[in-house]
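final.txt (compact mmCIF, C-alpha atoms and all ligand atoms)
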# COMPACT_ATOMS: atom_id res chain seq x y z
CA MET A 1 1.99 -3.04 22.87
CA LYS A 2 3.72 -1.03 20.17
CA SER A 3 2.42 -1.20 16.63
CA ALA A 4 3.50 -0.18 13.15
CA ILE A 5 1.79 0.83 9.94
CA GLY A 6 2.48 -1.02 6.70
CA ILE A 7 1.43 0.35 3.32
CA ASP A 8 1.49 -1.52 0.03
CA ILE A 9 1.27 0.79 -3.01
CA GLY A 10 0.24 -1.20 -6.06
CA GLY A 11 -0.91 -0.18 -9.52
CA THR A 12 -4.56 -0.74 -8.58
CA ASN A 13 -4.89 -0.24 -4.82
CA ILE A 14 -3.15 1.25 -1.82
CA LYS A 15 -3.47 -1.21 1.06
CA ALA A 16 -2.65 -0.12 4.58
CA VAL A 17 -2.62 -2.07 7.83
CA LEU A 18 -1.97 -1.26 11.44
CA VAL A 19 -0.08 -4.24 12.84
CA SER A 20 0.82 -5.26 16.41
CA GLY A 21 4.30 -6.38 17.43
CA SER A 22 3.24 -10.00 17.00
CA GLY A 23 1.83 -9.44 13.52
CA ASP A 24 -1.90 -9.18 14.24
CA ILE A 25 -3.82 -6.81 12.00
CA LEU A 26 -5.48 -4.19 14.19
CA LYS A 27 -6.88 -2.04 11.39
CA ARG A 28 -7.07 -2.23 7.62
CA VAL A 29 -7.72 0.48 5.00
CA MET A 30 -7.82 0.15 1.23
CA GLU A 31 -8.19 2.89 -1.40
CA PRO A 32 -7.81 2.84 -5.16
CA THR A 33 -4.43 4.19 -6.29
CA PRO A 34 -5.11 7.51 -8.05
CA THR A 35 -3.31 6.58 -11.25
CA GLU A 36 -6.17 6.90 -13.72
CA ARG A 37 -6.33 9.88 -16.08
CA GLY A 38 -5.08 12.92 -14.23
CA GLY A 39 -3.05 10.82 -11.77
CA SER A 40 -0.03 12.57 -10.33
CA GLN A 41 2.53 12.20 -7.60
CA GLU A 42 0.70 14.85 -5.61
CA LYS A 43 -2.59 12.94 -5.78
CA ILE A 44 -0.89 9.77 -4.59
CA ARG A 45 0.88 11.68 -1.82
CA ASN A 46 -2.45 13.19 -0.70
CA ALA A 47 -4.17 9.80 -0.75
CA LEU A 48 -1.37 8.38 1.43
CA MET A 49 -1.59 11.31 3.87
CA LYS A 50 -5.32 10.74 4.24
CA ILE A 51 -4.91 7.01 4.87
CA LEU A 52 -2.10 7.54 7.37
CA ARG A 53 -3.98 10.19 9.33
CA ALA A 54 -6.92 7.79 9.60
CA ILE A 55 -4.90 5.00 11.23
CA VAL A 56 -1.95 6.57 13.03
CA ASN A 57 -2.06 6.69 16.84
CA ASP A 58 0.44 7.36 19.61
CA ARG A 59 1.49 3.70 19.93
CA VAL A 60 2.69 3.60 16.31
CA ILE A 61 6.48 3.44 16.19
CA GLY A 62 7.01 3.81 12.45
CA ILE A 63 5.69 3.44 8.92
CA GLY A 64 6.78 0.89 6.33
CA PHE A 65 6.13 1.12 2.59
CA GLY A 66 6.19 -1.66 0.02
CA ILE A 67 6.12 -0.17 -3.47
CA ALA A 68 5.99 -1.84 -6.89
CA GLY A 69 9.24 -0.71 -8.50
CA VAL A 70 12.96 -0.25 -8.01
CA ILE A 71 13.65 1.43 -4.67
CA ASP A 72 16.67 3.19 -3.21
CA ARG A 73 16.22 1.75 0.29
CA GLU A 74 18.73 4.04 1.94
CA LYS A 75 17.16 7.23 0.65
CA GLY A 76 13.62 5.80 0.72
CA LEU A 77 13.19 6.94 -2.83
CA VAL A 78 11.32 5.40 -5.78
CA LEU A 79 13.82 5.13 -8.65
CA GLU A 80 11.58 3.52 -11.27
CA SER A 81 8.08 2.10 -11.19
CA PRO A 82 6.95 0.82 -14.62
CA ASN A 83 3.39 0.22 -13.40
CA ILE A 84 2.99 3.48 -11.45
CA PRO A 85 5.18 6.00 -13.33
CA GLU A 86 3.58 8.86 -11.36
CA ILE A 87 5.72 7.95 -8.35
CA ASN A 88 9.09 7.86 -10.12
CA GLY A 89 11.40 10.07 -8.08
CA PHE A 90 9.00 10.18 -5.08
CA ARG A 91 10.99 10.83 -1.87
CA VAL A 92 8.74 8.69 0.31
CA LYS A 93 10.97 8.54 3.39
CA ASP A 94 11.66 12.30 3.54
CA THR A 95 8.03 13.21 2.91
CA PHE A 96 6.43 11.06 5.61
CA GLU A 97 9.17 11.28 8.24
CA LYS A 98 8.76 15.02 8.15
CA GLU A 99 4.96 14.90 8.27
CA PHE A 100 4.56 12.30 11.04
CA SER A 101 7.87 12.54 12.93
CA LEU A 102 8.18 8.74 12.74
CA PRO A 103 10.84 6.54 11.15
CA VAL A 104 9.93 5.40 7.64
CA VAL A 105 11.20 2.27 5.87
CA VAL A 106 10.77 1.83 2.11
CA ASP A 107 11.32 -1.30 0.01
CA ASN A 108 9.97 -3.06 -3.05
CA ASP A 109 6.49 -4.55 -2.43
CA ALA A 110 7.56 -8.13 -3.20
CA ASN A 111 10.52 -7.76 -0.84
CA THR A 112 8.22 -6.61 1.97
CA TYR A 113 5.85 -9.48 1.10
CA ALA A 114 8.76 -11.94 1.30
CA TYR A 115 9.69 -10.47 4.69
CA GLY A 116 6.07 -10.88 5.86
CA GLU A 117 6.20 -14.58 5.02
CA LYS A 118 9.56 -14.88 6.80
CA TRP A 119 8.31 -13.02 9.85
CA ILE A 120 4.94 -14.69 10.53
CA GLY A 121 4.09 -16.71 7.43
CA VAL A 122 4.98 -19.89 5.62
CA GLY A 123 8.70 -18.99 5.50
CA LYS A 124 9.17 -18.69 9.29
CA ASP A 125 11.65 -21.54 9.52
CA ILE A 126 13.22 -21.14 6.07
CA ASP A 127 16.36 -19.08 5.56
CA ASN A 128 16.63 -19.04 1.77
CA PHE A 129 13.53 -18.65 -0.36
CA ALA A 130 12.16 -16.73 -3.29
CA LEU A 131 8.66 -15.30 -3.25
CA LEU A 132 6.89 -14.94 -6.59
CA THR A 133 3.69 -12.92 -6.85
CA LEU A 134 1.59 -14.11 -9.76
CA GLY A 135 -0.79 -11.23 -10.31
CA THR A 136 -1.33 -9.07 -13.38
CA GLY A 137 2.47 -9.00 -13.54
CA LEU A 138 5.11 -11.14 -11.83
CA GLY A 139 6.81 -9.71 -8.75
CA GLY A 140 9.72 -11.23 -6.91
CA GLY A 141 11.36 -10.97 -3.50
CA ILE A 142 14.19 -13.00 -2.00
CA ILE A 143 15.01 -13.97 1.56
CA TYR A 144 18.70 -14.84 1.65
CA LYS A 145 20.39 -16.13 4.81
CA GLY A 146 17.32 -15.12 6.79
CA GLU A 147 17.26 -11.50 5.63
CA VAL A 148 15.64 -9.60 2.78
CA PHE A 149 18.15 -9.79 -0.06
CA ASP A 150 19.47 -6.29 -0.63
CA GLY A 151 18.76 -6.00 -4.33
CA PRO A 152 15.97 -5.19 -6.74
CA ALA A 153 15.06 -8.92 -7.21
CA GLU A 154 13.17 -8.13 -10.42
CA ILE A 155 12.59 -11.84 -11.06
CA GLY A 156 9.77 -11.06 -13.49
CA HIS A 157 12.25 -9.32 -15.76
CA MET A 158 14.65 -12.21 -16.07
CA VAL A 159 14.91 -12.76 -19.84
CA ILE A 160 13.59 -16.17 -20.79
CA GLU A 161 13.08 -15.84 -24.57
CA PRO A 162 15.77 -13.87 -26.47
CA ARG A 163 13.37 -12.78 -29.21
CA GLY A 164 10.23 -12.91 -27.10
CA ARG A 165 7.31 -10.61 -26.41
CA VAL A 166 7.79 -6.92 -25.67
CA CYS A 167 7.68 -6.24 -21.93
CA THR A 168 6.42 -3.19 -19.99
CA CYS A 169 10.01 -2.61 -18.84
CA GLY A 170 11.16 -2.02 -22.42
CA SER A 171 13.02 -5.33 -22.81
CA TYR A 172 11.94 -8.47 -24.69
CA GLY A 173 11.05 -11.96 -23.56
CA CYS A 174 10.91 -11.29 -19.80
CA LEU A 175 9.52 -14.06 -17.57
CA GLU A 176 6.58 -11.79 -16.68
CA SER A 177 5.51 -11.81 -20.34
CA TYR A 178 5.16 -15.62 -20.14
CA ALA A 179 4.04 -16.24 -16.57
CA SER A 180 1.53 -13.74 -15.17
CA GLY A 181 -2.14 -12.85 -15.44
CA ARG A 182 -1.36 -10.58 -18.37
CA ALA A 183 0.58 -13.39 -20.09
CA VAL A 184 -2.36 -15.80 -19.68
CA MET A 185 -4.63 -13.29 -21.45
CA ASP A 186 -2.06 -12.60 -24.18
CA MET A 187 -1.57 -16.30 -24.88
CA ALA A 188 -5.34 -16.87 -25.08
CA ILE A 189 -5.95 -13.89 -27.36
CA SER A 190 -3.11 -14.65 -29.74
CA ALA A 191 -4.17 -18.31 -30.07
CA LEU A 192 -7.78 -17.30 -30.77
CA GLU A 193 -6.67 -14.71 -33.32
CA LYS A 194 -4.92 -17.53 -35.14
CA GLY A 195 -8.19 -19.48 -35.19
CA ALA A 196 -7.63 -21.92 -32.31
CA LYS A 197 -10.72 -23.85 -31.26
CA SER A 198 -11.70 -23.22 -27.66
CA MET A 199 -14.67 -22.73 -25.34
CA LEU A 200 -13.26 -19.23 -24.89
CA THR A 201 -14.66 -18.23 -28.30
CA GLU A 202 -18.18 -18.56 -26.87
CA CYS A 203 -17.41 -16.27 -23.95
CA CYS A 204 -17.42 -12.47 -23.95
CA ASP A 205 -19.88 -12.34 -26.89
CA GLY A 206 -17.07 -13.35 -29.21
CA ASN A 207 -14.90 -10.40 -28.20
CA PHE A 208 -11.56 -12.07 -27.38
CA TYR A 209 -10.17 -8.88 -25.94
CA LYS A 210 -12.50 -9.15 -22.94
CA ILE A 211 -10.91 -12.44 -21.85
CA THR A 212 -9.66 -12.49 -18.25
CA PRO A 213 -7.30 -14.96 -16.50
CA GLU A 214 -10.31 -16.07 -14.39
CA LEU A 215 -12.18 -17.02 -17.55
CA VAL A 216 -9.23 -19.02 -18.87
CA TYR A 217 -9.11 -20.77 -15.48
CA LYS A 218 -12.82 -21.52 -15.57
CA THR A 219 -12.74 -23.00 -19.07
CA ALA A 220 -9.61 -24.98 -18.17
CA LEU A 221 -11.53 -26.59 -15.31
CA GLU A 222 -14.33 -27.41 -17.75
CA GLY A 223 -11.79 -29.34 -19.83
CA ASP A 224 -10.95 -26.78 -22.53
CA ASN A 225 -7.68 -27.88 -24.15
CA LEU A 226 -6.41 -24.43 -25.13
CA SER A 227 -6.97 -23.07 -21.63
CA ARG A 228 -5.29 -26.09 -20.03
CA ASP A 229 -2.31 -25.73 -22.37
CA ILE A 230 -1.96 -22.05 -21.46
CA PHE A 231 -1.59 -22.87 -17.77
CA ARG A 232 0.82 -25.72 -18.53
CA GLU A 233 2.96 -23.35 -20.59
CA THR A 234 2.83 -20.80 -17.77
CA GLY A 235 4.10 -23.54 -15.44
CA GLN A 236 6.92 -24.46 -17.80
CA TYR A 237 8.18 -20.89 -18.05
CA LEU A 238 7.93 -20.44 -14.28
CA GLY A 239 9.91 -23.64 -13.87
CA ILE A 240 12.67 -22.33 -16.15
CA GLY A 241 12.87 -19.09 -14.14
CA ILE A 242 12.91 -20.99 -10.84
CA GLY A 243 15.63 -23.32 -12.15
CA ASN A 244 17.80 -20.25 -12.76
CA LEU A 245 17.09 -18.93 -9.26
CA ILE A 246 17.94 -22.28 -7.66
CA ASN A 247 21.31 -22.38 -9.41
CA ILE A 248 22.13 -18.84 -8.31
CA PHE A 249 20.73 -18.65 -4.77
CA ASN A 250 20.67 -22.26 -3.56
CA LEU A 251 17.06 -21.83 -2.43
CA ASP A 252 15.37 -24.06 0.16
CA ALA A 253 11.89 -23.09 -1.02
CA VAL A 254 9.83 -21.10 -3.46
CA VAL A 255 6.69 -19.38 -2.14
CA PHE A 256 3.90 -18.37 -4.52
CA GLY A 257 1.43 -15.56 -3.91
CA GLY A 258 -0.94 -13.52 -6.09
CA GLY A 259 -4.34 -14.16 -7.65
CA LEU A 260 -3.12 -16.76 -10.13
CA ILE A 261 -2.33 -19.29 -7.38
CA GLY A 262 -6.05 -20.07 -7.48
CA ALA A 263 -5.11 -22.08 -10.58
CA TRP A 264 -2.33 -23.93 -8.67
CA ASP A 265 -3.33 -27.47 -9.76
CA LEU A 266 -3.25 -26.47 -13.41
CA PHE A 267 0.41 -25.40 -13.51
CA ILE A 268 2.36 -26.60 -10.49
CA GLU A 269 3.32 -30.05 -11.82
CA ASP A 270 4.89 -28.39 -14.87
CA VAL A 271 6.76 -25.95 -12.63
CA LYS A 272 8.31 -28.86 -10.70
CA LYS A 273 9.13 -30.92 -13.78
CA GLU A 274 10.81 -27.99 -15.45
CA PHE A 275 13.00 -26.68 -12.63
CA LEU A 276 14.24 -30.21 -11.91
CA LYS A 277 15.37 -30.43 -15.55
CA ARG A 278 16.97 -26.99 -15.49
CA SER A 279 18.96 -26.85 -12.26
CA PHE A 280 21.69 -28.86 -10.52
CA LYS A 281 20.21 -31.97 -8.88
CA SER A 282 22.23 -31.43 -5.74
CA LEU A 283 20.60 -28.00 -5.41
CA SER A 284 17.02 -28.73 -6.47
CA SER A 285 16.27 -32.02 -4.74
CA GLY A 286 14.22 -31.44 -1.61
CA ILE A 287 13.21 -27.89 -2.49
CA LYS A 288 9.80 -26.94 -1.12
CA ILE A 289 7.11 -25.33 -3.28
CA LEU A 290 4.69 -23.48 -1.02
CA LYS A 291 1.64 -21.23 -1.13
CA SER A 292 1.68 -17.88 0.63
CA VAL A 293 -0.41 -17.71 3.79
CA LEU A 294 -0.53 -13.91 4.09
CA LYS A 295 -1.95 -13.50 0.56
CA GLU A 296 -3.10 -9.97 -0.32
CA ASP A 297 -1.94 -8.60 3.06
CA GLY A 298 1.63 -9.89 2.64
CA GLY A 299 3.14 -6.70 1.22
CA SER A 300 1.64 -4.40 3.84
CA ILE A 301 2.17 -6.72 6.85
CA GLY A 302 5.77 -7.26 5.78
CA ALA A 303 6.35 -3.51 5.44
CA ALA A 304 5.11 -3.01 9.01
CA GLY A 305 7.21 -6.00 10.10
CA LEU A 306 10.37 -4.40 8.71
CA VAL A 307 9.70 -1.29 10.81
CA LEU A 308 9.23 -3.42 13.95
CA LYS A 309 12.33 -5.46 13.15
CA ILE A 310 14.52 -2.40 12.74
CA SER A 311 13.22 -0.90 15.97
CA GLY A 312 13.63 -4.22 17.79
CA GLN A 313 9.93 -4.36 18.72
CA GLY A 314 8.87 -7.30 16.57
CA LEU A 315 8.76 -10.87 17.79
CA SER A 316 11.71 -12.90 16.63
CA ASP A 317 11.28 -15.90 14.37
CA LYS A 318 11.05 -18.28 17.30
CA GLY A 319 8.15 -16.37 18.81
CA SER A 320 10.02 -14.94 21.79
CA SER A 321 9.77 -11.27 22.64
CA GLN A 322 13.49 -10.69 22.16
CA PRO A 323 14.36 -7.98 19.67
CA SER A 324 15.23 -9.58 16.35
CA ALA A 325 17.23 -6.71 14.86
ZN ZN A 401 10.59 -6.84 -18.45
Turn the structure described in the file into structure tokens.
Amino acid sequence: MKSAIGIDIGGTNIKAVLVSGSGDILKRVMEPTPTERGGSQEKIRNALMKILRAIVNDRVIGIGFGIAGVIDREKGLVLESPNIPEINGFRVKDTFEKEFSLPVVVDNDANTYAYGEKWIGVGKDIDNFALLTLGTGLGGGIIYKGEVFDGPAEIGHMVIEPRGRVCTCGSYGCLESYASGRAVMDMAISALEKGAKSMLTECCDGNFYKITPELVYKTALEGDNLSRDIFRETGQYLGIGIGNLINIFNLDAVVFGGGLIGAWDLFIEDVKKEFLKRSFKSLSSGIKILKSVLKEDGGSIGAAGLVLKISGQGLSDKGSSQPSA
């Protein structure tokens, strides 16, 4: 059976998978993204070459990339990546098509993740859904009328507070600054700086700046009020953002991925309460709130899936072997 390679380039790691036509992972490689001091586009390119050479074989029909940032899909070019500025302007499609003589597909990593969930994940039977990745930042992808929505879908940069916190994108008050791993840390640190009482003060030898989202989660489970409030506030902001999306896209579901979904029970009720208040009832009643099943492999599996879809080799949504493209 034919297979495809999917690569997810994130700010921390490059994750690559070799995937069969039915979505099984045949091989998996992960390397740190060379973005630390001295990082450059050439270093990232070389790391990708090395990974690809290690997993490519003669049954591979193409390579898909999911990259954190704004992508020109047609040219396969990275226009702007706030978290990996080294790859701004990287002509991914040209570079790897030439090197491997295989078709290359490039999209935003949350878009490929959303496609992965549509292809073989929790979104198989859902035609309109948004996927939110709650990691260090907040990524977004949209499946609209059964296809990846052809747009940047920068849901994390929807402005939610007009005079809010400064965001990595240069704007103020973006959803990502209120609902992400980084936001959880910021909220904890700023409350502690103002003298809030919390179990968190006893952690990290009193150094607030070492606080992690995991620690806030742990103390929340132990009953710490500040930590619980932080997750509730995260849920409220997410709910506001989702309410906006429901009114615009008439979604059937919202799928959550990313490390923060470990804290699901601490924020999800507030998400639901808030989006019901903030969107048209006729649009929001019956909407499903789901957890990703592909998790950390979603971006890379989906990237491979897009290659298979375009070539007509992937299984269709109903599980038949008919080409779906
Ligand atoms: Zn922003």
> Out of A:Ile120, A:Ile289, A:Leu175, A:Leu132, which residue has the shortest atom-to-atom distance to ligand ZN 401 (chain A) when counting all atoms listed in the file?
Replying inline: A:Leu175
>> At a cut-off of 6 Å and counting all atoms listed in the file, what residues surround ligand ZN 401 (chain A)? Please answer as a list in words.
In response: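 Every residue with an atom at most 6 Å from ligand ZN 401 (chain A) is listed here: His157, Cys167, Thr168, Cys169, Ser171 and Cys174 of chain A.
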> How many Å separate atom CA of A:Ile246 from atom CA of A:Gly181?
Replying inline: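 So the answer is 23.5 Å.
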> Between atom CA of A:Asp229 and atom CA of A:Leu192, what is the spacing in Å?
Replying inline: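 A separation of 13.1 Å between them.
With only C-alpha atoms as the atoms that count, the minimum distance from A:Ile14 to the choices A:Leu26, A:Leu283, A:Ala47, A:Ala130 is reached by A:Ala47.
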Rebuild stretch 183-196 of chain A so that it carries N, CA and C atoms, then output the result as a tab-separated table (two decimals), in the frame of the given file.
chain	number	residue	atom	x	y	z
A	183	ALA	N	0.07	-12.41	-19.12
A	183	ALA	CA	0.58	-13.39	-20.09
A	183	ALA	C	-0.50	-14.42	-20.44
A	184	VAL	N	-1.27	-14.84	-19.43
A	184	VAL	CA	-2.36	-15.80	-19.68
A	184	VAL	C	-3.35	-15.21	-20.69
A	185	MET	N	-3.69	-13.94	-20.50
A	185	MET	CA	-4.63	-13.29	-21.45
A	185	MET	C	-4.01	-13.19	-22.84
A	186	ASP	N	-2.73	-12.76	-22.88
A	186	ASP	CA	-2.06	-12.60	-24.18
A	186	ASP	C	-2.01	-13.92	-24.94
A	187	MET	N	-1.68	-14.99	-24.22
A	187	MET	CA	-1.57	-16.30	-24.88
A	187	MET	C	-2.93	-16.74	-25.43
A	188	ALA	N	-3.99	-16.48	-24.64
A	188	ALA	CA	-5.34	-16.87	-25.08
A	188	ALA	C	-5.73	-16.05	-26.32
A	189	ILE	N	-5.53	-14.76	-26.25
A	189	ILE	CA	-5.95	-13.89	-27.36
A	189	ILE	C	-5.18	-14.22	-28.63
A	190	SER	N	-3.86	-14.41	-28.51
A	190	SER	CA	-3.11	-14.65	-29.74
A	190	SER	C	-3.45	-16.01	-30.35
A	191	ALA	N	-3.75	-17.01	-29.52
A	191	ALA	CA	-4.17	-18.31	-30.07
A	191	ALA	C	-5.52	-18.19	-30.77
A	192	LEU	N	-6.44	-17.44	-30.17
A	192	LEU	CA	-7.78	-17.30	-30.77
A	192	LEU	C	-7.71	-16.49	-32.06
A	193	GLU	N	-6.85	-15.51	-32.08
A	193	GLU	CA	-6.67	-14.71	-33.32
A	193	GLU	C	-6.20	-15.58	-34.48
A	194	LYS	N	-5.42	-16.62	-34.10
A	194	LYS	CA	-4.92	-17.53	-35.14
A	194	LYS	C	-5.94	-18.62	-35.47
A	195	GLY	N	-7.11	-18.54	-34.85
A	195	GLY	CA	-8.19	-19.48	-35.19
A	195	GLY	C	-8.26	-20.72	-34.34
A	196	ALA	N	-7.58	-20.74	-33.18
A	196	ALA	CA	-7.63	-21.92	-32.31
A	196	ALA	C	-9.06	-22.19	-31.86
